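Below is my_file-v5.cif, which holds mmCIF, C-alpha atoms.
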```
data_my_file
#
loop_
_atom_site.label_atom_id
_atom_site.label_comp_id
_atom_site.auth_asym_id
_atom_site.auth_seq_id
_atom_site.Cartn_x
_atom_site.Cartn_y
_atom_site.Cartn_z
CA MET A 1 76.39 -18.12 -74.33
CA SER A 2 78.13 -18.53 -71.03
CA PRO A 3 77.24 -21.85 -69.38
CA LEU A 4 76.26 -19.84 -66.30
CA VAL A 5 73.45 -18.08 -68.20
CA PRO A 6 70.10 -19.88 -68.34
CA ASP A 7 68.04 -19.96 -71.51
CA ASN A 8 65.27 -17.39 -71.07
CA SER A 9 64.24 -17.43 -74.70
CA MET A 10 60.73 -18.78 -73.88
CA ASN A 11 58.14 -16.11 -73.17
CA ASN A 12 56.78 -15.62 -69.70
CA THR A 13 59.61 -17.45 -68.04
CA LYS A 14 61.81 -16.35 -65.25
CA SER A 15 65.07 -18.04 -64.57
CA THR A 16 65.45 -19.26 -61.03
CA LEU A 17 68.58 -20.16 -59.17
CA PHE A 18 67.87 -22.67 -56.44
CA ILE A 19 70.44 -22.44 -53.68
CA LEU A 20 70.38 -25.67 -51.70
CA ARG A 21 72.21 -25.27 -48.41
CA SER A 22 70.66 -27.78 -46.02
CA THR A 23 71.95 -31.13 -44.87
CA PRO A 24 69.96 -33.96 -46.45
CA TYR A 25 68.22 -35.52 -43.47
CA GLN A 26 67.67 -32.80 -40.88
CA GLY A 27 63.93 -32.49 -41.36
CA HIS A 28 62.49 -32.11 -44.82
CA ARG A 29 64.04 -28.85 -45.94
CA ALA A 30 66.47 -30.50 -48.36
CA LEU A 31 63.75 -32.74 -49.78
CA GLU A 32 61.37 -29.84 -50.23
CA GLY A 33 64.08 -27.81 -51.94
CA ILE A 34 64.76 -30.60 -54.41
CA GLU A 35 61.04 -30.97 -55.05
CA ALA A 36 60.86 -27.27 -55.88
CA VAL A 37 63.72 -27.71 -58.36
CA LEU A 38 61.94 -30.63 -60.00
CA ALA A 39 58.68 -28.65 -60.16
CA ALA A 40 60.43 -25.79 -61.92
CA SER A 41 61.87 -28.25 -64.38
CA VAL A 42 58.52 -29.94 -65.02
CA PHE A 43 57.07 -26.51 -65.77
CA GLU A 44 59.94 -25.97 -68.19
CA GLN A 45 61.40 -23.00 -66.41
CA PRO A 46 65.06 -22.17 -66.94
CA LEU A 47 66.87 -22.92 -63.74
CA GLY A 48 70.20 -23.45 -62.09
CA VAL A 49 71.04 -25.29 -58.90
CA LEU A 50 73.82 -24.26 -56.55
CA PHE A 51 74.87 -26.39 -53.61
CA ILE A 52 76.61 -24.40 -50.91
CA GLY A 53 77.65 -24.90 -47.29
CA ASP A 54 75.97 -27.91 -45.68
CA GLY A 55 74.04 -28.44 -48.91
CA VAL A 56 77.01 -30.20 -50.47
CA TRP A 57 76.31 -33.13 -48.15
CA GLN A 58 73.17 -33.81 -50.20
CA LEU A 59 75.48 -34.86 -53.02
CA LYS A 60 77.49 -37.36 -51.02
CA LYS A 61 77.59 -40.83 -52.56
CA GLN A 62 76.57 -43.97 -50.68
CA GLN A 63 73.77 -42.50 -48.63
CA GLN A 64 71.78 -45.20 -46.84
CA ALA A 65 68.71 -43.26 -45.78
CA GLU A 66 66.89 -46.48 -45.05
CA GLN A 67 69.04 -46.74 -41.93
CA ILE A 68 66.94 -43.91 -40.47
CA GLU A 69 63.76 -44.96 -42.28
CA ARG A 70 63.88 -41.98 -44.60
CA ARG A 71 63.47 -41.52 -48.30
CA ASN A 72 66.85 -41.50 -50.02
CA LEU A 73 67.52 -38.05 -51.43
CA ALA A 74 70.30 -39.42 -53.57
CA ALA A 75 67.74 -41.18 -55.76
CA LEU A 76 65.92 -37.89 -56.35
CA LEU A 77 69.12 -36.02 -57.09
CA SER A 78 70.28 -38.72 -59.47
CA SER A 79 67.13 -38.08 -61.51
CA PHE A 80 68.22 -34.53 -62.36
CA PRO A 81 69.56 -35.53 -65.79
CA LEU A 82 66.22 -37.22 -66.57
CA TYR A 83 64.56 -33.87 -65.91
CA ASP A 84 67.15 -32.14 -68.13
CA ILE A 85 68.57 -30.41 -65.09
CA GLU A 86 72.18 -29.96 -66.08
CA SER A 87 73.15 -26.61 -64.64
CA VAL A 88 74.30 -27.96 -61.32
CA TYR A 89 76.98 -26.04 -59.46
CA VAL A 90 78.82 -26.40 -56.20
CA ASP A 91 80.69 -23.79 -54.22
CA GLU A 92 84.26 -25.01 -54.30
CA SER A 93 85.14 -23.62 -50.88
CA SER A 94 82.24 -25.60 -49.37
CA LEU A 95 83.61 -28.81 -50.87
CA GLU A 96 87.11 -28.02 -49.64
CA GLY A 97 85.86 -27.12 -46.18
CA LYS A 98 84.22 -30.52 -45.90
CA HIS A 99 87.15 -32.37 -47.45
CA LEU A 100 84.99 -33.56 -50.31
CA HIS A 101 86.09 -34.06 -53.91
CA SER A 102 84.11 -34.30 -57.10
CA ASN A 103 84.44 -38.06 -57.09
CA ASP A 104 82.67 -38.18 -53.70
CA LEU A 105 79.58 -36.71 -55.34
CA LEU A 106 76.72 -38.55 -56.95
CA LEU A 107 76.17 -35.99 -59.73
CA PRO A 108 78.48 -34.35 -62.23
CA VAL A 109 78.81 -30.76 -61.04
CA SER A 110 80.66 -27.61 -61.97
CA THR A 111 82.58 -26.08 -59.10
CA LEU A 112 82.52 -22.33 -58.70
CA SER A 113 84.68 -19.78 -56.98
CA ALA A 114 83.13 -16.80 -55.22
CA ALA A 115 83.35 -14.81 -58.43
CA GLY A 116 81.68 -17.62 -60.34
CA MET A 117 78.86 -17.73 -57.79
CA ALA A 118 78.33 -14.00 -58.07
CA GLU A 119 78.05 -14.34 -61.84
CA LEU A 120 75.64 -17.27 -61.48
CA VAL A 121 73.43 -15.27 -59.12
CA ALA A 122 73.54 -12.23 -61.38
CA ASN A 123 72.42 -14.29 -64.36
CA HIS A 124 69.15 -15.47 -62.81
CA ASP A 125 65.96 -13.48 -62.26
CA THR A 126 65.05 -15.00 -58.91
CA VAL A 127 66.92 -16.82 -56.19
CA LEU A 128 65.17 -19.28 -53.88
CA THR A 129 67.10 -20.68 -50.94
CA PHE A 130 66.33 -23.98 -49.24
CA MET B 131 55.97 -3.57 -58.41
CA ILE B 132 54.34 -6.96 -58.16
CA PHE B 133 55.59 -9.07 -55.28
CA SER B 134 55.21 -12.68 -54.30
CA LEU B 135 56.19 -13.81 -50.85
CA VAL B 136 57.42 -17.26 -49.90
CA ILE B 137 57.13 -18.11 -46.22
CA ASN B 138 59.14 -21.13 -45.10
CA GLY B 139 59.08 -20.56 -41.36
CA ALA B 140 56.57 -21.86 -38.85
CA PRO B 141 54.67 -19.73 -36.37
CA ILE B 142 55.85 -19.86 -32.75
CA SER B 143 59.22 -21.40 -33.57
CA SER B 144 60.20 -18.65 -35.99
CA GLU B 145 59.67 -15.01 -36.74
CA ALA B 146 59.26 -15.60 -40.47
CA PRO B 147 55.48 -15.16 -40.70
CA TYR B 148 55.57 -11.97 -38.63
CA SER B 149 58.42 -10.44 -40.62
CA ALA B 150 56.61 -11.36 -43.81
CA LEU B 151 53.39 -9.78 -42.57
CA ARG B 152 55.12 -6.49 -41.66
CA PHE B 153 56.72 -6.53 -45.10
CA ALA B 154 53.45 -7.32 -46.84
CA GLU B 155 51.59 -4.54 -44.99
CA ALA B 156 54.31 -2.06 -45.93
CA LEU B 157 54.42 -3.00 -49.57
CA LEU B 158 50.66 -2.61 -49.99
CA ALA B 159 50.76 0.71 -48.12
CA ASP B 160 53.41 1.83 -50.57
CA GLY B 161 51.18 1.07 -53.55
CA HIS B 162 52.78 -2.21 -54.65
CA SER B 163 50.76 -5.36 -55.15
CA ILE B 164 51.00 -8.97 -54.04
CA TYR B 165 50.51 -11.63 -56.69
CA ARG B 166 50.67 -14.54 -54.27
CA VAL B 167 51.69 -15.56 -50.79
CA PHE B 168 53.07 -19.10 -50.82
CA PHE B 169 53.43 -21.01 -47.58
CA HIS B 170 55.95 -23.80 -48.00
CA GLY B 171 57.80 -26.25 -45.77
CA ASP B 172 57.18 -25.48 -42.10
CA GLY B 173 55.48 -22.27 -43.24
CA VAL B 174 52.30 -24.24 -43.91
CA LEU B 175 51.73 -24.34 -40.15
CA ASN B 176 50.64 -20.71 -40.47
CA ALA B 177 47.52 -22.01 -42.17
CA THR B 178 46.02 -23.93 -39.27
CA ASN B 179 42.81 -22.71 -37.69
CA LEU B 180 43.27 -24.92 -34.63
CA ASN B 181 45.87 -22.83 -32.87
CA VAL B 182 45.03 -21.30 -29.50
CA PRO B 183 47.52 -18.53 -28.79
CA PRO B 184 48.36 -17.44 -25.26
CA GLN B 185 46.35 -14.47 -24.11
CA ASP B 186 47.75 -11.09 -25.12
CA ASP B 187 50.07 -12.74 -27.56
CA LEU B 188 50.30 -12.64 -31.28
CA ASN B 189 47.93 -14.83 -33.26
CA ILE B 190 49.94 -14.70 -36.45
CA GLN B 191 47.76 -17.29 -38.17
CA GLU B 192 44.69 -15.14 -37.63
CA ARG B 193 46.58 -11.99 -38.58
CA TRP B 194 47.50 -13.53 -41.91
CA GLN B 195 43.97 -14.73 -42.55
CA THR B 196 42.47 -11.31 -41.78
CA PHE B 197 45.09 -9.48 -43.82
CA ALA B 198 44.55 -11.80 -46.78
CA GLU B 199 40.79 -11.35 -46.59
CA GLN B 200 41.01 -7.57 -46.27
CA HIS B 201 43.14 -7.30 -49.38
CA GLY B 202 41.78 -10.19 -51.41
CA LEU B 203 45.14 -11.91 -51.49
CA ASP B 204 45.85 -15.22 -53.16
CA VAL B 205 47.29 -17.32 -50.35
CA VAL B 206 48.48 -20.75 -51.38
CA VAL B 207 49.60 -23.44 -48.98
CA CYS B 208 51.87 -26.06 -50.55
CA VAL B 209 49.83 -29.25 -50.46
CA ALA B 210 52.79 -31.62 -50.23
CA SER B 211 54.26 -29.67 -47.29
CA ALA B 212 50.83 -29.34 -45.70
CA LEU B 213 49.59 -32.91 -45.74
CA LYS B 214 52.69 -34.32 -44.10
CA ARG B 215 52.44 -31.68 -41.37
CA GLY B 216 48.75 -32.20 -40.68
CA ILE B 217 47.42 -29.11 -42.39
CA ILE B 218 44.43 -30.33 -44.31
CA ASP B 219 41.34 -28.97 -46.03
CA GLU B 220 37.92 -30.52 -46.24
CA GLY B 221 38.58 -32.26 -49.53
CA GLU B 222 41.83 -33.85 -48.45
CA ALA B 223 40.33 -34.80 -45.08
CA SER B 224 37.62 -36.66 -46.89
CA ARG B 225 40.07 -38.29 -49.30
CA TYR B 226 42.36 -39.47 -46.53
CA GLU B 227 39.50 -40.30 -44.16
CA LYS B 228 40.59 -37.85 -41.50
CA GLU B 229 38.05 -36.80 -38.91
CA HIS B 230 38.81 -33.11 -39.06
CA HIS B 231 40.24 -30.42 -41.26
CA ASN B 232 41.96 -27.24 -40.24
CA LEU B 233 42.88 -25.08 -43.20
CA ARG B 234 42.08 -21.43 -42.56
CA ALA B 235 39.35 -19.90 -44.70
CA GLY B 236 40.63 -17.94 -47.63
CA MET B 237 43.71 -20.11 -48.04
CA ALA B 238 44.04 -22.87 -50.61
CA LEU B 239 46.08 -26.04 -50.79
CA SER B 240 47.90 -26.33 -54.09
CA GLY B 241 51.10 -27.56 -55.64
CA LEU B 242 54.57 -26.20 -56.26
CA GLY B 243 53.40 -25.13 -59.70
CA GLN B 244 51.81 -22.16 -57.95
CA LEU B 245 55.23 -21.13 -56.68
CA ILE B 246 56.67 -21.40 -60.18
CA ASP B 247 53.71 -19.47 -61.55
CA ALA B 248 54.16 -16.78 -58.91
CA ASN B 249 57.78 -16.45 -59.91
CA CYS B 250 56.80 -15.94 -63.55
CA HIS B 251 54.25 -13.25 -62.75
CA SER B 252 56.09 -11.26 -60.11
CA ASP B 253 58.72 -8.57 -60.34
CA ARG B 254 60.13 -9.62 -57.00
CA VAL B 255 59.96 -12.83 -54.98
CA VAL B 256 61.01 -12.45 -51.36
CA THR B 257 61.48 -15.40 -49.00
CA PHE B 258 61.03 -15.34 -45.24
CA GLY B 259 62.49 -18.44 -43.62
CA ALA B 260 63.50 -19.86 -40.31
CA MET C 261 74.62 -6.41 -60.99
CA SER C 262 74.18 -5.98 -57.25
CA GLN C 263 72.02 -8.14 -55.04
CA LEU C 264 70.14 -7.66 -51.80
CA HIS C 265 70.64 -10.24 -49.05
CA THR C 266 68.70 -10.82 -45.85
CA LEU C 267 69.98 -12.66 -42.78
CA ASN C 268 68.18 -13.58 -39.58
CA LYS C 269 70.63 -15.62 -37.49
CA ALA C 270 72.39 -14.50 -34.31
CA CYS C 271 75.39 -16.81 -34.30
CA PHE C 272 78.24 -15.76 -36.59
CA GLU C 273 79.29 -19.38 -37.02
CA HIS C 274 75.82 -20.44 -38.19
CA SER C 275 75.85 -21.90 -41.69
CA ALA C 276 73.39 -19.24 -42.89
CA VAL C 277 75.85 -16.51 -41.90
CA GLN C 278 78.82 -18.31 -43.43
CA ASP C 279 76.94 -19.06 -46.66
CA CYS C 280 75.80 -15.44 -46.84
CA LEU C 281 79.38 -14.25 -46.42
CA LYS C 282 80.46 -16.49 -49.31
CA ALA C 283 77.75 -15.07 -51.53
CA LEU C 284 78.17 -11.38 -50.70
CA ALA C 285 79.85 -9.47 -53.49
CA ASP C 286 81.00 -5.88 -53.67
CA GLY C 287 78.10 -3.60 -54.49
CA ASP C 288 75.60 -5.81 -52.66
CA ALA C 289 73.51 -4.82 -49.65
CA LEU C 290 72.68 -6.86 -46.57
CA ILE C 291 69.65 -6.51 -44.33
CA LEU C 292 69.88 -7.92 -40.81
CA LEU C 293 66.44 -8.77 -39.54
CA GLU C 294 64.99 -10.75 -36.61
CA ASP C 295 67.86 -12.29 -34.60
CA GLY C 296 70.28 -11.21 -37.31
CA VAL C 297 70.33 -7.77 -35.68
CA TYR C 298 72.52 -9.26 -32.93
CA LEU C 299 75.32 -9.41 -35.50
CA THR C 300 75.25 -5.72 -36.38
CA ASP C 301 78.64 -4.94 -34.81
CA LYS C 302 80.21 -8.17 -36.07
CA PHE C 303 79.11 -7.42 -39.63
CA ASP C 304 80.20 -3.82 -39.33
CA SER C 305 83.71 -5.17 -38.77
CA ALA C 306 83.45 -8.04 -41.23
CA LEU C 307 82.36 -5.76 -44.05
CA LYS C 308 84.94 -3.02 -43.44
CA GLY C 309 86.75 -2.10 -46.60
CA ARG C 310 84.16 -3.82 -48.75
CA ASN C 311 81.61 -1.97 -50.80
CA ILE C 312 78.65 -3.67 -49.09
CA THR C 313 75.90 -1.65 -47.43
CA LEU C 314 74.54 -2.91 -44.13
CA HIS C 315 70.95 -2.23 -43.05
CA VAL C 316 69.33 -3.19 -39.76
CA VAL C 317 65.59 -3.60 -39.23
CA GLN C 318 64.81 -1.03 -36.57
CA TYR C 319 61.86 -2.72 -34.86
CA ASP C 320 63.76 -6.01 -34.58
CA ALA C 321 66.71 -4.21 -32.95
CA ALA C 322 64.50 -2.18 -30.61
CA ALA C 323 62.57 -5.28 -29.56
CA ARG C 324 65.85 -6.85 -28.54
CA GLY C 325 67.08 -3.80 -26.65
CA LEU C 326 69.78 -3.10 -29.18
CA HIS C 327 70.72 0.46 -30.09
CA PRO C 328 73.93 0.08 -32.11
CA GLN C 329 75.63 3.37 -32.87
CA ASN C 330 75.80 4.34 -36.51
CA ALA C 331 73.51 1.53 -37.60
CA ALA C 332 71.64 2.20 -40.81
CA PHE C 333 68.18 1.42 -39.46
CA ILE C 334 65.34 0.69 -41.82
CA ASP C 335 61.64 0.27 -41.26
CA ALA C 336 59.35 -2.05 -43.20
CA ARG C 337 58.73 0.43 -46.00
CA GLN C 338 62.43 0.99 -46.49
CA PHE C 339 62.86 -2.81 -46.55
CA VAL C 340 60.34 -2.89 -49.40
CA THR C 341 62.12 -0.05 -51.19
CA LEU C 342 65.41 -1.91 -51.00
CA CYS C 343 63.78 -4.99 -52.50
CA CYS C 344 62.61 -2.82 -55.38
CA GLU C 345 65.98 -1.16 -55.88
CA TYR C 346 67.86 -4.43 -56.16
CA ASN C 347 66.92 -6.89 -58.88
CA LYS C 348 66.47 -9.74 -56.47
CA THR C 349 66.71 -10.70 -52.84
CA LEU C 350 68.64 -13.66 -51.47
CA SER C 351 67.33 -14.82 -48.10
CA TRP C 352 69.74 -16.59 -45.76
CA TYR C 353 68.00 -18.36 -42.87
#
```
Written as structure tokens, how would this file's structure read?
Amino acid sequence: MSPLVPDNSMNNTKSTLFILRSTPYQGHRALEGIEAVLAASVFEQPLGVLFIGDGVWQLKKQQQAEQIERRNLAALLSSFPLYDIESVYVDESSLEGKHLHSNDLLLPVSTLSAAGMAELVANHDTVLTF
Amino acid sequence: MIFSLVINGAPISSEAPYSALRFAEALLADGHSIYRVFFHGDGVLNATNLNVPPQDDLNIQERWQTFAEQHGLDVVVCVASALKRGIIDEGEASRYEKEHHNLRAGMALSGLGQLIDANCHSDRVVTFGA
Amino acid sequence: MSQLHTLNKACFEHSAVQDCLKALADGDALILLEDGVYLTDKFDSALKGRNITLHVVQYDAAARGLHPQNAAFIDARQFVTLCCEYNKTLSWY
């Protein structure tokens, strides 16, 4: 099975691709997106996560959210493996556009080209954008 | 088809709730059904009953409440998004020792599990955001 | 498999627009709604030569005094129909 295809073998499940495209600390949109991802995982739904555009900033290492008295999103994101969330993808052009490399990121991710993203989207039943 | 709608945009500062309402009205008129309307993020502000709209202007909060009542819709307001934004029902007001509550009748505070559930039980999930 | 996209931003440089452009694939359709209708002409050009259908929500365009020539206007019911025709909808906002 292609790694881009979620496991829908459980009954009454829909696979959801969460597209996270917000910067981490401009309001709560990024936080609420991550919470939705974690909820889907807790309810054992097949899911994928794609970071695109400004969303790649959520993955930046060395965030010090306490400097603005905010909850550190990095801690939440780092818990993805504990929730068995392993299908984490990043749009490669978004990384390049922001001069970021994989070793700047706090999670292991798979980078995708436009064609890869199209395949990822096609392989999920629902897409939710945050 | 069975639809669920996710509304992430606030009233007044976005058009999301109005666009969603026009969409919802059309889909029911066309013989489709709505499994759930889920207000999330800033969208929970559509659930307040304390708004006083300018005269001759849209009261989108009231429009949604009336529409939901007319059609017996399941309208869920994400509790985590709601509490932090001051949208609160009687039970939470009592729990957190708040003097007042403001959740519109016919709407219910509940968790992200309701969004996941809606996804499982709907043919289409459409998001209106800001 | 083709997807349906919706977009509601007026500024072409907005991240929602740029992210949408990255995600659009041949065979997809795009609905401009709310302030997104201001980008009708820009998208007409941007999508030339690509097999991507552009739709514009009529009441959002009319409200804003926009009457683009050759726009494929849709009303709310046609919006619903498009959501049924495509397997899923990606909302860019």
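When the PyMOL selection byres ((chain B) within 7 of (chain C)) is run on the displayed coordinates, the residues it returns are B:Glu145, B:Arg152, B:Phe153, B:Ala156, B:Leu157, B:Arg254, B:Val256, B:Thr257, B:Phe258, B:Gly259, B:Ala260.
Interatomic distance, CA of Glu44 (chain A) to CA of Gly241 (chain B): 15.4 Å.
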Interface rows for chain A against chain B: nearest pair, Å to one decimal, 12 Å, all atoms listed in the file, as a tab-separated table:
```
residue	atom	partner	partner_atom	distance
A:Asn8	CA	B:Cys250	CA	11.4
A:Met10	CA	B:Cys250	CA	11.4
A:Asn11	CA	B:Cys250	CA	9.7
A:Asn12	CA	B:Cys250	CA	6.2
A:Thr13	CA	B:Cys250	CA	5.5
A:Lys14	CA	B:Cys250	CA	5.3
A:Ser15	CA	B:Cys250	CA	8.6
A:Thr16	CA	B:Asn249	CA	8.2
A:Leu17	CA	B:Asn249	CA	11.4
A:Phe18	CA	B:Ile246	CA	11.9
A:Gly27	CA	B:Asp172	CA	9.8
A:His28	CA	B:Gly171	CA	7.6
A:Arg29	CA	B:Gly171	CA	6.8
A:Ala30	CA	B:Gly171	CA	10.0
A:Leu31	CA	B:Gly171	CA	9.7
A:Glu32	CA	B:Gly171	CA	6.7
A:Gly33	CA	B:Gly171	CA	8.9
A:Ile34	CA	B:Leu242	CA	11.3
A:Glu35	CA	B:Leu242	CA	8.1
A:Ala36	CA	B:Leu242	CA	6.4
A:Val37	CA	B:Leu242	CA	9.5
A:Leu38	CA	B:Leu242	CA	9.4
A:Ala39	CA	B:Leu242	CA	6.2
A:Ala40	CA	B:Ile246	CA	6.0
A:Ser41	CA	B:Ile246	CA	9.6
A:Val42	CA	B:Gly243	CA	8.8
A:Phe43	CA	B:Gly243	CA	7.2
A:Glu44	CA	B:Ile246	CA	9.8
A:Gln45	CA	B:Ile246	CA	8.0
A:Pro46	CA	B:Ile246	CA	10.8
A:Leu47	CA	B:Ile246	CA	10.9
A:His124	CA	B:Asn249	CA	11.8
A:Asp125	CA	B:Arg254	CA	8.7
A:Thr126	CA	B:Val255	CA	6.8
A:Val127	CA	B:Val255	CA	8.1
A:Leu128	CA	B:Thr257	CA	7.2
A:Thr129	CA	B:Thr257	CA	8.0
A:Phe130	CA	B:Asn138	CA	8.8
```
Save the residues we just selected, C-alpha atoms, as a tab-separated table (two decimals), keeping the file's coordinate frame?
```tsv
chain	number	residue	atom	x	y	z
A	8	ASN	CA	65.27	-17.39	-71.07
A	10	MET	CA	60.73	-18.78	-73.88
A	11	ASN	CA	58.14	-16.11	-73.17
A	12	ASN	CA	56.78	-15.62	-69.70
A	13	THR	CA	59.61	-17.45	-68.04
A	14	LYS	CA	61.81	-16.35	-65.25
A	15	SER	CA	65.07	-18.04	-64.57
A	16	THR	CA	65.45	-19.26	-61.03
A	17	LEU	CA	68.58	-20.16	-59.17
A	18	PHE	CA	67.87	-22.67	-56.44
A	27	GLY	CA	63.93	-32.49	-41.36
A	28	HIS	CA	62.49	-32.11	-44.82
A	29	ARG	CA	64.04	-28.85	-45.94
A	30	ALA	CA	66.47	-30.50	-48.36
A	31	LEU	CA	63.75	-32.74	-49.78
A	32	GLU	CA	61.37	-29.84	-50.23
A	33	GLY	CA	64.08	-27.81	-51.94
A	34	ILE	CA	64.76	-30.60	-54.41
A	35	GLU	CA	61.04	-30.97	-55.05
A	36	ALA	CA	60.86	-27.27	-55.88
A	37	VAL	CA	63.72	-27.71	-58.36
A	38	LEU	CA	61.94	-30.63	-60.00
A	39	ALA	CA	58.68	-28.65	-60.16
A	40	ALA	CA	60.43	-25.79	-61.92
A	41	SER	CA	61.87	-28.25	-64.38
A	42	VAL	CA	58.52	-29.94	-65.02
A	43	PHE	CA	57.07	-26.51	-65.77
A	44	GLU	CA	59.94	-25.97	-68.19
A	45	GLN	CA	61.40	-23.00	-66.41
A	46	PRO	CA	65.06	-22.17	-66.94
A	47	LEU	CA	66.87	-22.92	-63.74
A	124	HIS	CA	69.15	-15.47	-62.81
A	125	ASP	CA	65.96	-13.48	-62.26
A	126	THR	CA	65.05	-15.00	-58.91
A	127	VAL	CA	66.92	-16.82	-56.19
A	128	LEU	CA	65.17	-19.28	-53.88
A	129	THR	CA	67.10	-20.68	-50.94
A	130	PHE	CA	66.33	-23.98	-49.24
```
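Near chain C, the residues of chain A that fall inside 10 Å (using only C-alpha atoms) are A:Ile19, A:Arg21, A:Ser22, A:Ile52, A:Gly53, A:Asp54, A:Gly55, A:Asp91, A:Ser93, A:Ser94, A:Ser113, A:Ala114, A:Ala115, A:Gly116, A:Met117, A:Ala118, A:Glu119, A:Val121, A:Ala122, A:Asn123, A:His124, A:Asp125, A:Thr126, A:Val127, A:Leu128, A:Thr129, A:Phe130.
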Exercise for review: Find the distance between CA of Gly202 (chain B) and CA of His162 (chain B) and write it in Å to one decimal.
Suggested key: 14.0 Å
If you apply the PyMOL selection byres ((chain C and resi 290) around 6) to this file, what residues do you get, as a short mmCIF file (atom, residue, chain, number, x, y, z; two decimals) with C-alpha atoms, in the coordinates of the input?
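Generated output (selection-v5.cif):
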```
data_model
loop_
_atom_site.label_atom_id
_atom_site.label_comp_id
_atom_site.auth_asym_id
_atom_site.auth_seq_id
_atom_site.Cartn_x
_atom_site.Cartn_y
_atom_site.Cartn_z
CA LEU C 264 70.14 -7.66 -51.80
CA HIS C 265 70.64 -10.24 -49.05
CA THR C 266 68.70 -10.82 -45.85
CA ALA C 289 73.51 -4.82 -49.65
CA ILE C 291 69.65 -6.51 -44.33
CA LEU C 314 74.54 -2.91 -44.13
#
```
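Separating CA of Cys271 (chain C) from CA of Tyr148 (chain B) is a distance of 20.9 Å.
Shortest separation to Arg310 (chain C) among C:Ile334, C:Glu273, C:Asp288, C:Tyr298 occurs at residue C:Asp288, atoms counted being only C-alpha atoms.
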The centre and edge lengths of an axis-aligned box containing all atoms of region 179-194 of chain B present in the file, extended by 5 Å on each side, are to be given in Å to one decimal, as AutoDock Vina command-line options.
```
--center_x 46.6 --center_y -18.0 --center_z -33.0 --size_x 17.5 --size_y 23.8 --size_z 27.8
```
Exercise for review: Considering all atoms listed in the file, return as number ranges by chain whatever protein or nucleic-acid residues lie within 7 Å of region 223-236 of chain B, sequence-local ones (same chain, fewer than 6 positions apart) excluded.
Suggested key: B: 177-180, 195, 199, 217
Take the residues that were just selected and, keeping C-alpha atoms, output them as an mmCIF file, keeping the file's coordinate frame.
```cif
data_model
loop_
_atom_site.group_PDB
_atom_site.id
_atom_site.type_symbol
_atom_site.label_atom_id
_atom_site.label_comp_id
_atom_site.auth_asym_id
_atom_site.auth_seq_id
_atom_site.Cartn_x
_atom_site.Cartn_y
_atom_site.Cartn_z
ATOM 1 C CA ALA B 177 47.520 -22.010 -42.170
ATOM 2 C CA THR B 178 46.020 -23.930 -39.270
ATOM 3 C CA ASN B 179 42.810 -22.710 -37.690
ATOM 4 C CA LEU B 180 43.270 -24.920 -34.630
ATOM 5 C CA GLN B 195 43.970 -14.730 -42.550
ATOM 6 C CA GLU B 199 40.790 -11.350 -46.590
ATOM 7 C CA ILE B 217 47.420 -29.110 -42.390
#
```
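Residues matching the PyMOL selection byres ((chain A and resi 97-101) around 12) in this structure come to Ile52, Gly53, Asp54, Gly55, Val56, Trp57, Gln58, Leu59, Lys60, Lys61, Val90, Asp91, Glu92, Ser93, Ser94, Leu95, Glu96, Ser102, Asn103, Asp104, Leu105, Leu106, Leu107, Pro108, Val109, Ser110 and Thr111 of chain A; Gln278 of chain C.
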Could you turn the residues from that selection into a file that holds C-alpha atoms, as a CSV table (one decimal), keeping the file's coordinate frame?
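For reference, again22.csv as written:
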```csv
chain,number,residue,atom,x,y,z
A,52,ILE,CA,76.6,-24.4,-50.9
A,53,GLY,CA,77.6,-24.9,-47.3
A,54,ASP,CA,76.0,-27.9,-45.7
A,55,GLY,CA,74.0,-28.4,-48.9
A,56,VAL,CA,77.0,-30.2,-50.5
A,57,TRP,CA,76.3,-33.1,-48.2
A,58,GLN,CA,73.2,-33.8,-50.2
A,59,LEU,CA,75.5,-34.9,-53.0
A,60,LYS,CA,77.5,-37.4,-51.0
A,61,LYS,CA,77.6,-40.8,-52.6
A,90,VAL,CA,78.8,-26.4,-56.2
A,91,ASP,CA,80.7,-23.8,-54.2
A,92,GLU,CA,84.3,-25.0,-54.3
A,93,SER,CA,85.1,-23.6,-50.9
A,94,SER,CA,82.2,-25.6,-49.4
A,95,LEU,CA,83.6,-28.8,-50.9
A,96,GLU,CA,87.1,-28.0,-49.6
A,102,SER,CA,84.1,-34.3,-57.1
A,103,ASN,CA,84.4,-38.1,-57.1
A,104,ASP,CA,82.7,-38.2,-53.7
A,105,LEU,CA,79.6,-36.7,-55.3
A,106,LEU,CA,76.7,-38.6,-57.0
A,107,LEU,CA,76.2,-36.0,-59.7
A,108,PRO,CA,78.5,-34.4,-62.2
A,109,VAL,CA,78.8,-30.8,-61.0
A,110,SER,CA,80.7,-27.6,-62.0
A,111,THR,CA,82.6,-26.1,-59.1
C,278,GLN,CA,78.8,-18.3,-43.4
```
Review point. Counting all atoms listed in the file, which residues come within 6 Å of (68.5, -5.1, -39.4), with the point read in the file's coordinates, and could you list them as a ChimeraX atom specification?
Key: /C:291-293,297,315-317
